[in-house]
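One structure below.
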Amino acid sequence: MVEVHLWSGLRSLTGGRQVVKVEAKTTGELLRALVRAHPQLQAPIDAGVSIAIDGRVIATGLTEPIPEGSEVYLMQRLRGG
């Protein structure tokens, strides 16, 4: 089970929850599980999000493993400049 911390703009889509728990072993599974649990998250996820695992922003796609006990944050997409 993964605890996912959500940025404030998403909390209204999850009944006000700041943290949601889903079953996932990779970043792709995480996003699919979030949409299954909270279908309203589909549009923001489709628009683009960033995932941080233990303080490291994941930029390698949807196959990045999520180690057990990791701190996971779903954030607005971070863009370089």
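Ordered as shown in the structure tokens, chains take letters A, B, and onward, while each chain numbers its residues from 1 and ligands are numbered from 1 in the order shown.
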Q: Run DSSP on the backbone and give me the residues of range 2-81 of chain A it puts in helix (DSSP H, G or I), as a list in words.
A: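 Filtering range 2-81 of chain A down to helix (DSSP H, G or I) leaves Ser8, Gly9, Leu10, Arg11, Ser12, Leu13, Thr14, Thr27, Gly28, Glu29, Leu30, Leu31, Arg32, Ala33, Leu34, Val35, Arg36, Ala37, Pro39, Gln40, Leu41, Gln42, Ala43, Pro44, Ile45, Asp46 and Ala47 of chain A.
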Q: Find the residues near Ala33 in chain A: any atom within 12 Å, counting only C-alpha atoms, skip ones fewer than 6 places away on the same chain, and give them as a list in words.
A: Met1, Val2, Glu3, Val4, Val20, Lys21, Val22, Glu23, Ala24, Lys25, Thr26, Thr27, Pro39, Leu41, Gln42 and Ile45 of chain A
Put those residues in a file: N, CA and C atoms, as a PDB file, in the first residue's frame.
```
ATOM      1  N   MET A   1       0.843  -1.177   0.000  1.00  0.00           N
ATOM      2  CA  MET A   1       0.000   0.000   0.000  1.00  0.00           C
ATOM      3  C   MET A   1       0.889   1.241   0.000  1.00  0.00           C
ATOM      4  N   VAL A   2       0.549   2.202  -0.853  1.00  0.00           N
ATOM      5  CA  VAL A   2       1.324   3.427  -0.983  1.00  0.00           C
ATOM      6  C   VAL A   2       0.477   4.596  -0.491  1.00  0.00           C
ATOM      7  N   GLU A   3       1.052   5.430   0.352  1.00  0.00           N
ATOM      8  CA  GLU A   3       0.397   6.667   0.765  1.00  0.00           C
ATOM      9  C   GLU A   3       0.862   7.763  -0.177  1.00  0.00           C
ATOM     10  N   VAL A   4      -0.098   8.421  -0.825  1.00  0.00           N
ATOM     11  CA  VAL A   4       0.221   9.460  -1.797  1.00  0.00           C
ATOM     12  C   VAL A   4      -0.259  10.800  -1.250  1.00  0.00           C
ATOM     13  N   VAL A  20      -3.994   9.903   0.210  1.00  0.00           N
ATOM     14  CA  VAL A  20      -4.813   8.748  -0.156  1.00  0.00           C
ATOM     15  C   VAL A  20      -3.911   7.523  -0.238  1.00  0.00           C
ATOM     16  N   LYS A  21      -4.479   6.365   0.010  1.00  0.00           N
ATOM     17  CA  LYS A  21      -3.729   5.107  -0.047  1.00  0.00           C
ATOM     18  C   LYS A  21      -4.208   4.293  -1.228  1.00  0.00           C
ATOM     19  N   VAL A  22      -3.243   3.783  -2.000  1.00  0.00           N
ATOM     20  CA  VAL A  22      -3.558   2.914  -3.132  1.00  0.00           C
ATOM     21  C   VAL A  22      -2.539   1.779  -3.177  1.00  0.00           C
ATOM     22  N   GLU A  23      -2.896   0.735  -3.877  1.00  0.00           N
ATOM     23  CA  GLU A  23      -2.011  -0.406  -4.083  1.00  0.00           C
ATOM     24  C   GLU A  23      -1.265  -0.189  -5.392  1.00  0.00           C
ATOM     25  N   ALA A  24       0.063  -0.068  -5.333  1.00  0.00           N
ATOM     26  CA  ALA A  24       0.853   0.158  -6.551  1.00  0.00           C
ATOM     27  C   ALA A  24       2.315  -0.178  -6.297  1.00  0.00           C
ATOM     28  N   LYS A  25       2.971  -0.705  -7.336  1.00  0.00           N
ATOM     29  CA  LYS A  25       4.399  -1.022  -7.263  1.00  0.00           C
ATOM     30  C   LYS A  25       5.230  -0.157  -8.207  1.00  0.00           C
ATOM     31  N   THR A  26       4.569   0.514  -9.168  1.00  0.00           N
ATOM     32  CA  THR A  26       5.271   1.389 -10.107  1.00  0.00           C
ATOM     33  C   THR A  26       4.498   2.702 -10.229  1.00  0.00           C
ATOM     34  N   THR A  27       5.137   3.685 -10.860  1.00  0.00           N
ATOM     35  CA  THR A  27       4.467   4.969 -11.030  1.00  0.00           C
ATOM     36  C   THR A  27       3.225   4.848 -11.923  1.00  0.00           C
ATOM     37  N   PRO A  39     -12.106   8.737  -9.630  1.00  0.00           N
ATOM     38  CA  PRO A  39     -12.198   9.002 -11.071  1.00  0.00           C
ATOM     39  C   PRO A  39     -12.061  10.482 -11.448  1.00  0.00           C
ATOM     40  N   LEU A  41      -9.865  12.411 -10.642  1.00  0.00           N
ATOM     41  CA  LEU A  41      -8.453  12.739 -10.830  1.00  0.00           C
ATOM     42  C   LEU A  41      -7.981  12.514 -12.273  1.00  0.00           C
ATOM     43  N   GLN A  42      -8.805  11.878 -13.094  1.00  0.00           N
ATOM     44  CA  GLN A  42      -8.389  11.566 -14.466  1.00  0.00           C
ATOM     45  C   GLN A  42      -7.957  12.810 -15.233  1.00  0.00           C
ATOM     46  N   ILE A  45      -4.605  14.328 -14.061  1.00  0.00           N
ATOM     47  CA  ILE A  45      -3.514  13.407 -14.384  1.00  0.00           C
ATOM     48  C   ILE A  45      -3.239  13.438 -15.886  1.00  0.00           C
TER      49      ILE A  45
END
```
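Taking CA of Trp7 in chain A and CA of Gly61 in chain A as the two end points, the separation is 20.0 Å.
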Q: List the neighbours of range 68-72 of chain A out to 6 Å using only C-alpha atoms; skip same-chain residues closer than 2 positions along the sequence, and give me the result as JSON, numbers by chain.
A: {"A": [4, 52, 53, 54]}
Q) Just how far from CA of Gly9 in chain A is CA of Thr63 in chain A, in Å to one decimal? A)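 Separation of CA of Thr63 in chain A and CA of Gly9 in chain A: 25.5 Å.
Shortest separation to Ser12 in chain A among A:Asp46, A:Gln40, A:Val35, A:Arg77 occurs at residue A:Gln40, atoms counted being only C-alpha atoms.
Each of A:His38, A:Val19, A:Ile51, A:Thr60 was compared to Tyr73 in chain A using only C-alpha atoms, and A:Ile51 turns out to be the nearest.
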